[in-house]
>>> print(open('input.csv').read())   # CSV, C-alpha atoms
chain,number,residue,atom,x,y,z
F,1,MET,CA,32.8,88.9,117.0
F,2,HIS,CA,29.8,88.5,114.8
F,3,SER,CA,30.2,92.2,113.7
F,4,LYS,CA,33.8,91.9,112.9
F,5,GLY,CA,33.3,88.8,110.8
F,6,SER,CA,30.6,90.5,108.8
F,7,SER,CA,32.8,93.5,108.1
F,8,SER,CA,35.6,91.3,106.9
F,9,ARG,CA,33.3,89.4,104.5
F,10,LEU,CA,31.9,92.7,103.2
F,11,SER,CA,35.4,94.1,102.6
F,12,SER,CA,36.4,90.9,100.8
F,13,LEU,CA,33.3,91.1,98.6
F,14,VAL,CA,33.9,94.7,97.7
F,15,VAL,CA,37.5,93.9,96.7
F,16,LYS,CA,36.4,91.0,94.5
F,17,THR,CA,33.7,93.2,92.9
F,18,ARG,CA,36.3,95.9,92.1
F,19,ILE,CA,38.7,93.3,90.6
F,20,SER,CA,35.9,91.9,88.4
F,21,SER,CA,34.9,95.4,87.3
F,22,LEU,CA,38.5,96.1,86.5
F,23,LEU,CA,38.9,92.9,84.5
F,24,LEU,CA,35.6,93.6,82.7
F,25,SER,CA,36.7,97.1,81.9
F,26,MET,CA,40.1,95.9,80.6
F,27,PHE,CA,38.3,93.3,78.5
F,28,ALA,CA,35.9,95.9,77.1
F,29,THR,CA,38.9,98.2,76.3
F,30,PHE,CA,40.8,95.5,74.5
F,31,ALA,CA,37.7,94.4,72.6
F,32,SER,CA,37.1,98.0,71.5
F,33,ILE,CA,40.7,98.4,70.4
F,34,TYR,CA,40.4,95.1,68.4
F,35,VAL,CA,37.2,96.1,66.7
F,36,ALA,CA,38.4,99.6,66.0
F,37,GLY,CA,41.6,98.1,64.5
F,38,ARG,CA,39.7,95.7,62.3
F,39,LEU,CA,37.4,98.5,61.1
F,40,TRP,CA,40.3,100.7,60.4
F,41,GLN,CA,42.1,97.9,58.5
F,42,ASP,CA,38.9,97.2,56.5
F,43,ALA,CA,38.5,100.9,55.7
F,44,GLN,CA,42.1,101.1,54.5
F,45,ASN,CA,41.5,98.0,52.3
F,46,ARG,CA,38.4,99.6,50.8
F,47,VAL,CA,40.3,102.9,50.1
F,48,HIS,CA,43.1,100.9,48.5
F,49,LEU,CA,40.7,98.9,46.3
F,50,ILE,CA,38.8,102.1,45.2
F,51,LYS,CA,42.1,103.8,44.3
F,52,GLN,CA,43.2,100.7,42.3
F,53,LEU,CA,39.8,100.6,40.6
F,54,ASP,CA,39.9,104.3,39.7
F,55,ARG,CA,43.4,103.8,38.3
F,56,ILE,CA,42.3,100.8,36.2
F,57,THR,CA,39.0,102.3,34.9
F,58,GLY,CA,40.0,105.9,34.8
F,59,GLN,CA,36.5,106.9,35.9
F,60,GLY,CA,37.4,108.9,39.1
F,61,GLN,CA,34.5,108.3,41.5
F,62,SER,CA,33.4,104.7,41.3
F,63,ALA,CA,30.6,102.7,42.8
F,64,ILE,CA,31.4,99.4,41.2
F,65,SER,CA,31.3,96.3,43.3
F,66,VAL,CA,34.2,94.1,44.1
F,67,ASP,CA,32.9,91.4,41.8
F,68,ASP,CA,32.6,93.9,38.9
F,69,THR,CA,36.1,95.1,39.7
F,70,LEU,CA,37.4,91.5,39.3
F,71,LYS,CA,35.5,91.2,36.0
F,72,ILE,CA,37.0,94.4,34.7
F,73,ILE,CA,40.5,93.2,35.6
F,74,ALA,CA,39.8,89.9,33.9
F,75,CYS,CA,38.6,91.7,30.8
F,76,ARG,CA,41.8,93.8,30.8
F,77,GLU,CA,43.9,90.7,30.9
F,78,GLN,CA,41.9,89.1,28.1
F,79,GLY,CA,42.3,92.4,26.1
F,80,LYS,CA,46.1,92.1,26.6
F,81,LYS,CA,46.1,88.5,25.3
F,82,LEU,CA,44.0,89.5,22.3
F,83,SER,CA,46.4,92.3,21.5
F,84,GLU,CA,49.3,89.9,21.6
F,85,LEU,CA,47.4,87.4,19.3
F,86,GLU,CA,46.6,90.2,16.9
F,87,MET,CA,50.3,91.1,16.8
F,88,GLU,CA,51.2,87.5,16.1
F,89,LEU,CA,48.6,87.3,13.4
F,90,ALA,CA,50.0,90.5,11.7
F,91,ALA,CA,53.5,89.0,11.8
F,92,ALA,CA,52.2,85.7,10.4
F,93,ARG,CA,50.6,87.6,7.5
F,94,GLN,CA,53.8,89.3,6.7
F,95,GLU,CA,55.5,85.9,6.5
F,96,GLY,CA,53.0,84.7,3.9
F,97,PHE,CA,50.2,83.2,5.9
F,98,SER,CA,46.6,84.2,5.1
F,99,ALA,CA,43.2,84.0,6.8
F,100,LYS,CA,42.1,82.0,3.8
F,101,SER,CA,44.0,79.0,5.2
F,102,VAL,CA,42.6,79.1,8.7
F,103,MET,CA,42.2,75.5,10.1
F,104,VAL,CA,39.5,74.4,12.5
F,105,ASP,CA,39.2,71.3,14.6
F,106,THR,CA,36.0,69.5,13.7
F,107,ASN,CA,34.0,67.3,16.0
F,108,ASP,CA,35.7,64.2,14.9
F,109,GLY,CA,39.1,65.7,15.8
F,110,ASN,CA,40.3,66.1,12.3
F,111,LEU,CA,41.7,69.4,11.1
F,112,ASN,CA,39.8,70.8,8.1
F,113,LYS,CA,39.5,74.1,6.4
F,114,ARG,CA,36.8,76.3,7.7
F,115,PRO,CA,34.0,76.6,5.2
F,116,LEU,CA,34.0,79.8,3.2
F,117,VAL,CA,30.3,80.2,3.1
F,118,VAL,CA,27.0,78.5,4.0
F,119,ILE,CA,24.2,79.3,1.6
F,120,GLY,CA,20.6,79.1,2.8
F,121,ILE,CA,18.1,78.9,-0.1
F,122,VAL,CA,14.8,80.0,1.4
F,123,THR,CA,12.0,77.8,-0.1
F,124,MET,CA,8.4,76.9,0.5
F,125,PHE,CA,5.9,74.1,0.1
F,126,GLY,CA,4.9,73.5,-3.5
F,127,ARG,CA,8.1,74.7,-5.1
F,128,LYS,CA,9.8,71.5,-5.9
F,129,ASN,CA,10.3,72.5,-9.5
F,130,ASN,CA,12.2,75.6,-8.4
F,131,ARG,CA,14.4,73.4,-6.2
F,132,ASN,CA,15.1,70.9,-9.0
F,133,ALA,CA,16.0,73.8,-11.3
F,134,ILE,CA,18.5,75.1,-8.7
F,135,ARG,CA,20.0,71.6,-8.2
F,136,LYS,CA,20.4,71.3,-12.0
F,137,ALA,CA,21.7,74.8,-12.6
F,138,TRP,CA,24.3,75.5,-9.8
F,139,MET,CA,23.8,73.7,-6.6
F,140,GLY,CA,24.2,70.1,-7.7
F,141,ASN,CA,23.2,67.1,-5.6
F,142,ASP,CA,24.8,64.1,-3.9
F,143,ALA,CA,28.5,63.8,-5.0
F,144,ALA,CA,28.5,67.3,-6.6
F,145,LEU,CA,27.2,68.9,-3.4
F,146,LYS,CA,29.9,67.2,-1.3
F,147,LYS,CA,32.6,68.1,-3.9
F,148,MET,CA,31.5,71.8,-3.8
F,149,ALA,CA,31.8,71.8,0.0
F,150,SER,CA,35.2,70.0,0.0
F,151,ASP,CA,36.9,71.8,-2.9
F,152,LYS,CA,35.4,75.3,-2.7
F,153,GLY,CA,34.3,75.5,0.9
F,154,ILE,CA,30.7,76.3,-0.2
F,155,ILE,CA,27.8,74.6,1.6
F,156,ALA,CA,24.3,75.0,0.2
F,157,ARG,CA,21.0,73.9,1.7
F,158,PHE,CA,17.3,74.6,1.1
F,159,VAL,CA,15.7,76.1,4.2
F,160,ILE,CA,12.1,75.3,5.1
F,161,GLY,CA,9.9,75.1,8.2
F,162,ARG,CA,6.9,72.8,9.0
F,163,SER,CA,3.3,72.8,8.1
F,164,ALA,CA,0.7,74.4,10.5
F,165,ASN,CA,-0.8,70.9,10.6
F,166,HIS,CA,2.4,69.2,11.7
F,167,GLY,CA,3.0,65.8,10.1
F,168,ASP,CA,0.5,66.3,7.2
F,169,SER,CA,1.1,65.6,3.5
F,170,LEU,CA,3.1,68.8,3.1
F,171,ASP,CA,5.6,67.8,5.8
F,172,LYS,CA,5.7,64.2,4.5
F,173,ALA,CA,6.5,65.4,1.0
F,174,ILE,CA,9.5,67.5,2.2
F,175,ASP,CA,10.7,64.6,4.4
F,176,SER,CA,10.6,62.3,1.4
F,177,GLU,CA,12.4,64.7,-0.9
F,178,ASN,CA,15.1,65.3,1.8
F,179,LYS,CA,15.5,61.6,2.2
F,180,GLN,CA,16.4,61.4,-1.5
F,181,THR,CA,18.6,64.6,-1.7
F,182,ASN,CA,19.8,65.3,1.8
F,183,ASP,CA,20.1,69.0,1.1
F,184,PHE,CA,17.5,70.6,3.4
F,185,ILE,CA,17.7,72.5,6.7
F,186,ILE,CA,14.3,71.7,8.2
F,187,LEU,CA,13.3,74.2,10.9
F,188,ASP,CA,11.0,72.0,13.1
F,189,ASP,CA,10.0,74.8,15.4
F,190,HIS,CA,9.0,77.2,12.5
F,191,VAL,CA,5.6,77.2,10.9
F,192,GLU,CA,5.6,78.1,7.2
F,193,ALA,CA,3.6,81.2,6.4
F,194,PRO,CA,4.4,84.2,4.2
F,195,GLU,CA,4.3,86.6,7.1
F,196,GLU,CA,6.8,84.5,9.0
F,197,LEU,CA,9.6,84.9,6.5
F,198,PRO,CA,11.6,87.4,8.6
F,199,LYS,CA,11.6,84.9,11.5
F,200,LYS,CA,12.6,82.1,9.1
F,201,ALA,CA,15.7,84.1,7.9
F,202,LYS,CA,16.7,84.7,11.5
F,203,LEU,CA,16.3,81.0,12.4
F,204,PHE,CA,18.4,80.0,9.4
F,205,PHE,CA,21.3,82.2,10.4
F,206,ALA,CA,21.1,81.0,14.0
F,207,TYR,CA,20.9,77.3,12.9
F,208,ALA,CA,23.7,77.7,10.4
F,209,ALA,CA,26.0,79.5,12.8
F,210,ASP,CA,25.5,76.8,15.4
F,211,LYS,CA,26.1,74.0,13.0
F,212,TRP,CA,28.9,75.3,10.7
F,213,ASP,CA,31.8,77.6,11.7
F,214,ALA,CA,32.0,79.3,8.3
F,215,GLU,CA,33.5,82.6,7.3
F,216,PHE,CA,30.2,83.9,5.8
F,217,TYR,CA,26.5,83.0,5.6
F,218,VAL,CA,24.2,83.8,2.7
F,219,LYS,CA,20.5,84.1,2.4
F,220,VAL,CA,19.1,83.7,-1.1
F,221,ASN,CA,15.6,83.1,-2.5
F,222,ASP,CA,14.7,79.9,-4.4
F,223,ASP,CA,14.1,81.8,-7.7
F,224,VAL,CA,17.6,83.2,-8.0
F,225,TYR,CA,20.5,81.8,-10.0
F,226,VAL,CA,23.8,82.0,-8.3
F,227,ASN,CA,27.3,82.1,-9.9
F,228,ILE,CA,29.1,80.0,-7.3
F,229,ASP,CA,32.6,80.8,-8.4
F,230,THR,CA,32.0,84.6,-8.5
F,231,LEU,CA,30.4,84.4,-5.1
F,232,GLY,CA,33.3,82.5,-3.6
F,233,ALA,CA,35.9,84.9,-5.2
F,234,THR,CA,34.0,88.0,-4.0
F,235,LEU,CA,33.6,86.8,-0.4
F,236,ALA,CA,37.3,85.6,-0.3
F,237,ASN,CA,38.3,89.2,-0.9
F,238,HIS,CA,36.6,90.3,2.3
F,239,LEU,CA,38.0,87.9,4.8
F,240,ASP,CA,39.8,90.7,6.6
F,241,LYS,CA,36.4,92.3,7.5
F,242,PRO,CA,35.2,90.7,10.7
F,243,ARG,CA,31.7,92.4,10.8
F,244,LEU,CA,30.5,92.6,7.2
F,245,TYR,CA,27.0,93.0,5.8
F,246,ILE,CA,27.2,92.8,2.0
F,247,GLY,CA,24.6,93.0,-0.6
F,248,CYS,CA,22.7,95.2,-3.0
F,249,MET,CA,21.9,98.1,-0.6
F,250,LYS,CA,18.7,100.1,-1.0
F,251,SER,CA,16.3,102.3,0.9
F,252,GLY,CA,12.8,101.3,-0.1
F,253,GLU,CA,9.5,103.0,0.4
F,254,VAL,CA,7.5,102.4,3.6
F,255,PHE,CA,3.9,101.6,2.9
F,256,SER,CA,1.4,102.6,5.6
F,257,GLU,CA,-1.8,101.6,3.9
F,258,PRO,CA,-3.3,98.3,5.3
F,259,GLY,CA,-4.0,95.9,2.5
F,260,HIS,CA,-1.0,97.0,0.4
F,261,ARG,CA,1.2,94.2,-0.8
F,262,TRP,CA,4.2,95.6,1.1
F,263,TYR,CA,2.3,97.0,4.1
F,264,GLU,CA,4.5,97.7,7.1
F,265,PRO,CA,2.5,97.7,10.4
F,266,ASP,CA,5.4,99.5,12.1
F,267,TRP,CA,5.6,102.2,9.5
F,268,TRP,CA,5.6,105.0,12.1
F,269,LYS,CA,8.9,103.9,13.5
F,270,PHE,CA,10.9,104.7,10.4
F,271,GLY,CA,12.2,108.2,10.3
F,272,ASP,CA,10.1,110.4,8.0
F,273,LYS,CA,7.6,107.5,7.8
F,274,LYS,CA,8.3,107.3,4.1
F,275,THR,CA,11.5,105.4,3.6
F,276,TYR,CA,13.4,102.6,5.3
F,277,PHE,CA,16.9,102.8,6.5
F,278,ARG,CA,19.7,101.4,4.3
F,279,HIS,CA,19.6,97.6,4.0
F,280,ALA,CA,20.5,94.8,1.5
F,281,SER,CA,17.9,93.5,-1.0
F,282,GLY,CA,16.3,90.4,0.3
F,283,GLU,CA,16.9,88.4,-2.9
F,284,MET,CA,20.5,87.7,-1.8
F,285,TYR,CA,22.8,89.1,0.8
F,286,ALA,CA,25.7,87.8,3.0
F,287,ILE,CA,26.9,88.4,6.5
F,288,SER,CA,30.2,87.5,8.2
F,289,ARG,CA,30.6,84.9,11.0
F,290,ALA,CA,30.5,87.4,13.8
F,291,LEU,CA,27.1,88.8,12.7
F,292,ALA,CA,25.7,85.3,12.3
F,293,LYS,CA,26.9,84.4,15.9
F,294,PHE,CA,25.3,87.7,17.1
F,295,ILE,CA,21.9,86.6,15.6
F,296,SER,CA,22.3,83.1,17.1
F,297,ILE,CA,22.9,84.5,20.6
F,298,ASN,CA,20.2,87.1,20.5
F,299,ARG,CA,17.6,85.3,18.4
F,300,LEU,CA,14.9,85.6,21.1
F,301,ILE,CA,15.1,89.4,21.4
F,302,LEU,CA,15.8,90.5,17.8
F,303,ARG,CA,12.7,92.4,16.4
F,304,SER,CA,11.3,91.2,13.1
F,305,TYR,CA,9.4,93.6,10.8
F,306,ALA,CA,7.1,92.8,7.9
F,307,HIS,CA,9.9,91.9,5.5
F,308,ASP,CA,13.0,89.8,6.0
F,309,ASP,CA,15.4,92.2,4.3
F,310,ILE,CA,14.2,95.1,6.5
F,311,SER,CA,14.5,92.9,9.6
F,312,ALA,CA,18.0,91.9,8.8
F,313,GLY,CA,19.0,95.5,8.3
F,314,SER,CA,17.5,96.5,11.6
F,315,TRP,CA,19.6,93.9,13.5
F,316,PHE,CA,22.8,95.5,12.3
F,317,ILE,CA,21.9,99.2,12.3
F,318,GLY,CA,23.1,99.8,15.8
F,319,LEU,CA,26.2,97.7,15.6
F,320,ASP,CA,29.7,98.5,14.5
F,321,VAL,CA,29.1,96.8,11.2
F,322,GLN,CA,30.5,97.6,7.8
F,323,HIS,CA,27.7,97.9,5.2
F,324,LEU,CA,29.1,97.1,1.8
F,325,ASP,CA,27.0,98.0,-1.3
F,326,GLU,CA,28.1,95.5,-3.9
F,327,SER,CA,26.4,95.7,-7.3
F,328,LYS,CA,27.2,92.1,-8.0
F,329,PHE,CA,24.5,91.2,-5.5
F,330,CYS,CA,21.8,93.1,-7.4
F,331,CYS,CA,20.0,90.1,-8.8
F,332,SER,CA,17.4,92.0,-10.8
F,333,SER,CA,19.9,93.5,-13.2
F,334,TRP,CA,22.2,90.8,-14.6
F,335,SER,CA,25.5,92.0,-15.8
F,336,SER,CA,28.9,90.5,-16.6
F,337,GLY,CA,30.6,89.4,-13.4
F,338,ALA,CA,27.3,89.4,-11.4
F,339,ILE,CA,26.9,86.9,-8.6
F,340,CYS,CA,23.1,86.3,-9.0
F,341,ALA,CA,20.2,86.7,-11.4
F,342,GLY,CA,16.5,86.4,-10.8
F,343,VAL,CA,14.8,83.7,-12.8
>>> encode(input="input.csv", output="structure tokens")
Amino acid sequence: MHSKGSSSRLSSLVVKTRISSLLLSMFATFASIYVAGRLWQDAQNRVHLIKQLDRITGQGQSAISVDDTLKIIACREQGKKLSELEMELAAARQEGFSAKSVMVDTNDGNLNKRPLVVIGIVTMFGRKNNRNAIRKAWMGNDAALKKMASDKGIIARFVIGRSANHGDSLDKAIDSENKQTNDFIILDDHVEAPEELPKKAKLFFAYAADKWDAEFYVKVNDDVYVNIDTLGATLANHLDKPRLYIGCMKSGEVFSEPGHRWYEPDWWKFGDKKTYFRHASGEMYAISRALAKFISINRLILRSYAHDDISAGSWFIGLDVQHLDESKFCCSSWSSGAICAGV
């Protein structure tokens, strides 16, 4: 009896073990099928995505991530919208509308004309007489300054930094003068020094582009007379050029001798080491809004050379920029219809 009972229990255990093994095998099979199906589906999705990306970018083999793909698609959509806006703008121009009448929304919510130009008159400590001469000759002050901005869309400001001894008598003199005239851009983070002029010009463009959404931005020295009406008329003729660098273009000599007045420490970087690339004379030149925004965005990585005019030219040399050689900006040779003259 005991032997029979043991055999029965053993048979029952074997059957249960076989059933469990069968169930486990079935579960493993189904799991394998499920995983294989998911992997196949994921592979199909990847193939589809790559094909779509290849079709969009036209690059054949692609190793761009999904995030980059979405960015590309978004850029394409923005491009389509931009093309539609350009078509609408072209149609508007045919109906008599002009870029000269572009309206912008100011911070206070009022619609005003976009300024035509912001002029930065680069000045230094101890040159108050020059500034007063400019105010009297063409810039004006108080009501005249405001009227020039409202009627002609021309904003003019003197540009200066701070003393190396911040808060000294030099700084206090400028603060006092500005309190009376309110016609300065004071670059608090810039220390005044002759060798820092290229950086000063860069900071002016960045500051002005952030503060005023103008069509053009002009850098001029504080010993130059400016014909405001001629400047405004000349720039107004180039409103259709979105990336414009205009001035009296030249290619000056590179001086490699230390101690020379125009010594260039980086002389070896310039082609034949004898002449600079084409650039506008530093007495006065203008750039369009897009270029000023470019300077503002990239101010921390834009290289400055020994001279501000060379530095400005270097910032645009590798961009899709129209260089316009305009003799009216040649301040050293006054002629009828000229924009500026050295004094």
>>> residues_around(input="input.csv", residues="Glu192 in chain F", least_positions_apart="6", cutoff="7 Å", atoms="all atoms listed in the file", output="PyMOL selection string")
chain F and resi 161-164
>>> residues_around(input="input.csv", residues="range 228-231 of chain F", least_positions_apart="6", cutoff="8 Å", atoms="only C-alpha atoms", output="list in words")
Trp138, Gly337, Ala338 and Ile339 of chain F
>>> closest_residue(input="input.csv", among="F:Ala306, F:Ala312, F:Asn130, F:Met249", to="Lys219 in chain F", atoms="only C-alpha atoms")
F:Ala312
>>> atom_distance(input="input.csv", atom1="CA of Cys331 in chain F", atom2="CA of Lys128 in chain F")
21.4 Å
>>> atom_distance(input="input.csv", atom1="CA of Ile121 in chain F", atom2="CA of Asn221 in chain F")
5.4 Å
>>> atom_distance(input="input.csv", atom1="CA of Leu85 in chain F", atom2="CA of His323 in chain F")
26.4 Å
>>> residues_near_point(input="input.csv", point="(8.8, 78.4, -5.5)", cutoff="12 Å", atoms="all atoms listed in the file", output="list in words")
Ile121, Val122, Thr123, Met124, Phe125, Gly126, Arg127, Lys128, Asn129, Asn130, Arg131, Asn132, Ala133, Ile134, Phe158, Ile160, Asn221, Asp222, Asp223, Val224 and Val343 of chain F
>>> closest_residue(input="input.csv", among="F:Phe316, F:Phe329, F:Phe294, F:Phe184", to="Val218 in chain F", atoms="all atoms listed in the file")
F:Phe329
>>> closest_residue(input="input.csv", among="F:Ile119, F:Ala144, F:Leu244, F:Leu170", to="Phe204 in chain F", atoms="all atoms listed in the file")
F:Ile119
>>> residues_around(input="input.csv", residues="Ile301 in chain F", least_positions_apart="4", cutoff="12 Å", atoms="only C-alpha atoms", output="ChimeraX atom specification")
/F:199,202,294-297,315
>>> closest_residue(input="input.csv", among="F:Leu319, F:Leu145, F:Leu239, F:Ala280", to="Ser251 in chain F", atoms="all atoms listed in the file")
F:Ala280
>>> residues_around(input="input.csv", residues="Arg243 in chain F", least_positions_apart="5", cutoff="8 Å", atoms="all atoms listed in the file", output="ChimeraX atom specification")
/F:287-291,320-322
>>> build_atoms(input="input.csv", residues="range 212-242 of chain F", atoms="N, CA and C atoms", output="PDB file, in the coordinates of the input")
ATOM      1  N   TRP F 212      27.692  75.160  11.505  1.00  0.00           N
ATOM      2  CA  TRP F 212      28.900  75.300  10.700  1.00  0.00           C
ATOM      3  C   TRP F 212      29.657  76.580  11.117  1.00  0.00           C
ATOM      4  N   ASP F 213      30.925  76.456  11.378  1.00  0.00           N
ATOM      5  CA  ASP F 213      31.800  77.600  11.700  1.00  0.00           C
ATOM      6  C   ASP F 213      32.361  78.172  10.436  1.00  0.00           C
ATOM      7  N   ALA F 214      31.549  78.806   9.624  1.00  0.00           N
ATOM      8  CA  ALA F 214      32.000  79.300   8.300  1.00  0.00           C
ATOM      9  C   ALA F 214      32.430  80.758   8.406  1.00  0.00           C
ATOM     10  N   GLU F 215      33.053  81.229   7.338  1.00  0.00           N
ATOM     11  CA  GLU F 215      33.500  82.600   7.300  1.00  0.00           C
ATOM     12  C   GLU F 215      32.262  83.542   7.003  1.00  0.00           C
ATOM     13  N   PHE F 216      31.349  83.075   6.122  1.00  0.00           N
ATOM     14  CA  PHE F 216      30.200  83.900   5.800  1.00  0.00           C
ATOM     15  C   PHE F 216      28.934  83.008   5.697  1.00  0.00           C
ATOM     16  N   TYR F 217      27.792  83.706   5.753  1.00  0.00           N
ATOM     17  CA  TYR F 217      26.500  83.000   5.600  1.00  0.00           C
ATOM     18  C   TYR F 217      25.640  83.864   4.691  1.00  0.00           C
ATOM     19  N   VAL F 218      25.003  83.171   3.731  1.00  0.00           N
ATOM     20  CA  VAL F 218      24.200  83.800   2.700  1.00  0.00           C
ATOM     21  C   VAL F 218      22.796  83.401   2.709  1.00  0.00           C
ATOM     22  N   LYS F 219      21.893  84.352   2.602  1.00  0.00           N
ATOM     23  CA  LYS F 219      20.500  84.100   2.400  1.00  0.00           C
ATOM     24  C   LYS F 219      20.125  84.384   0.976  1.00  0.00           C
ATOM     25  N   VAL F 220      19.445  83.466   0.283  1.00  0.00           N
ATOM     26  CA  VAL F 220      19.100  83.700  -1.100  1.00  0.00           C
ATOM     27  C   VAL F 220      17.681  83.061  -1.330  1.00  0.00           C
ATOM     28  N   ASN F 221      16.889  83.647  -2.224  1.00  0.00           N
ATOM     29  CA  ASN F 221      15.600  83.100  -2.500  1.00  0.00           C
ATOM     30  C   ASN F 221      15.691  81.930  -3.518  1.00  0.00           C
ATOM     31  N   ASP F 222      14.619  81.137  -3.602  1.00  0.00           N
ATOM     32  CA  ASP F 222      14.700  79.900  -4.400  1.00  0.00           C
ATOM     33  C   ASP F 222      14.290  80.215  -5.893  1.00  0.00           C
ATOM     34  N   ASP F 223      14.260  81.485  -6.280  1.00  0.00           N
ATOM     35  CA  ASP F 223      14.100  81.800  -7.700  1.00  0.00           C
ATOM     36  C   ASP F 223      15.235  82.663  -8.206  1.00  0.00           C
ATOM     37  N   VAL F 224      16.407  82.427  -7.611  1.00  0.00           N
ATOM     38  CA  VAL F 224      17.600  83.200  -8.000  1.00  0.00           C
ATOM     39  C   VAL F 224      18.707  82.214  -8.434  1.00  0.00           C
ATOM     40  N   TYR F 225      19.321  82.538  -9.561  1.00  0.00           N
ATOM     41  CA  TYR F 225      20.500  81.800 -10.000  1.00  0.00           C
ATOM     42  C   TYR F 225      21.737  82.388  -9.431  1.00  0.00           C
ATOM     43  N   VAL F 226      22.620  81.529  -8.932  1.00  0.00           N
ATOM     44  CA  VAL F 226      23.800  82.000  -8.300  1.00  0.00           C
ATOM     45  C   VAL F 226      25.072  81.497  -9.020  1.00  0.00           C
ATOM     46  N   ASN F 227      25.975  82.417  -9.282  1.00  0.00           N
ATOM     47  CA  ASN F 227      27.300  82.100  -9.900  1.00  0.00           C
ATOM     48  C   ASN F 227      28.210  81.747  -8.694  1.00  0.00           C
ATOM     49  N   ILE F 228      28.369  80.462  -8.431  1.00  0.00           N
ATOM     50  CA  ILE F 228      29.100  80.000  -7.300  1.00  0.00           C
ATOM     51  C   ILE F 228      30.551  80.498  -7.253  1.00  0.00           C
ATOM     52  N   ASP F 229      31.225  80.413  -8.389  1.00  0.00           N
ATOM     53  CA  ASP F 229      32.600  80.800  -8.400  1.00  0.00           C
ATOM     54  C   ASP F 229      32.810  82.299  -8.173  1.00  0.00           C
ATOM     55  N   THR F 230      31.927  83.113  -8.744  1.00  0.00           N
ATOM     56  CA  THR F 230      32.000  84.600  -8.500  1.00  0.00           C
ATOM     57  C   THR F 230      31.699  84.890  -7.055  1.00  0.00           C
ATOM     58  N   LEU F 231      30.701  84.199  -6.493  1.00  0.00           N
ATOM     59  CA  LEU F 231      30.400  84.400  -5.100  1.00  0.00           C
ATOM     60  C   LEU F 231      31.556  84.082  -4.190  1.00  0.00           C
ATOM     61  N   GLY F 232      32.180  82.930  -4.433  1.00  0.00           N
ATOM     62  CA  GLY F 232      33.300  82.500  -3.600  1.00  0.00           C
ATOM     63  C   GLY F 232      34.481  83.504  -3.732  1.00  0.00           C
ATOM     64  N   ALA F 233      34.776  83.959  -4.956  1.00  0.00           N
ATOM     65  CA  ALA F 233      35.900  84.900  -5.200  1.00  0.00           C
ATOM     66  C   ALA F 233      35.603  86.240  -4.502  1.00  0.00           C
ATOM     67  N   THR F 234      34.357  86.694  -4.591  1.00  0.00           N
ATOM     68  CA  THR F 234      34.000  88.000  -4.000  1.00  0.00           C
ATOM     69  C   THR F 234      34.113  87.951  -2.482  1.00  0.00           C
ATOM     70  N   LEU F 235      33.571  86.911  -1.874  1.00  0.00           N
ATOM     71  CA  LEU F 235      33.600  86.800  -0.400  1.00  0.00           C
ATOM     72  C   LEU F 235      35.062  86.621   0.083  1.00  0.00           C
ATOM     73  N   ALA F 236      35.859  85.876  -0.671  1.00  0.00           N
ATOM     74  CA  ALA F 236      37.300  85.600  -0.300  1.00  0.00           C
ATOM     75  C   ALA F 236      38.045  86.940  -0.197  1.00  0.00           C
ATOM     76  N   ASN F 237      37.630  87.940  -0.957  1.00  0.00           N
ATOM     77  CA  ASN F 237      38.300  89.200  -0.900  1.00  0.00           C
ATOM     78  C   ASN F 237      37.988  90.055   0.306  1.00  0.00           C
ATOM     79  N   HIS F 238      37.039  89.576   1.109  1.00  0.00           N
ATOM     80  CA  HIS F 238      36.600  90.300   2.300  1.00  0.00           C
ATOM     81  C   HIS F 238      36.818  89.581   3.587  1.00  0.00           C
ATOM     82  N   LEU F 239      37.727  88.634   3.577  1.00  0.00           N
ATOM     83  CA  LEU F 239      38.000  87.900   4.800  1.00  0.00           C
ATOM     84  C   LEU F 239      38.599  88.693   5.902  1.00  0.00           C
ATOM     85  N   ASP F 240      39.130  89.848   5.555  1.00  0.00           N
ATOM     86  CA  ASP F 240      39.800  90.700   6.600  1.00  0.00           C
ATOM     87  C   ASP F 240      38.739  91.630   7.250  1.00  0.00           C
ATOM     88  N   LYS F 241      37.466  91.471   6.924  1.00  0.00           N
ATOM     89  CA  LYS F 241      36.400  92.300   7.500  1.00  0.00           C
ATOM     90  C   LYS F 241      35.590  91.461   8.470  1.00  0.00           C
ATOM     91  N   PRO F 242      35.808  91.582   9.769  1.00  0.00           N
ATOM     92  CA  PRO F 242      35.200  90.700  10.700  1.00  0.00           C
ATOM     93  C   PRO F 242      33.657  90.877  10.892  1.00  0.00           C
TER      94      PRO F 242
END
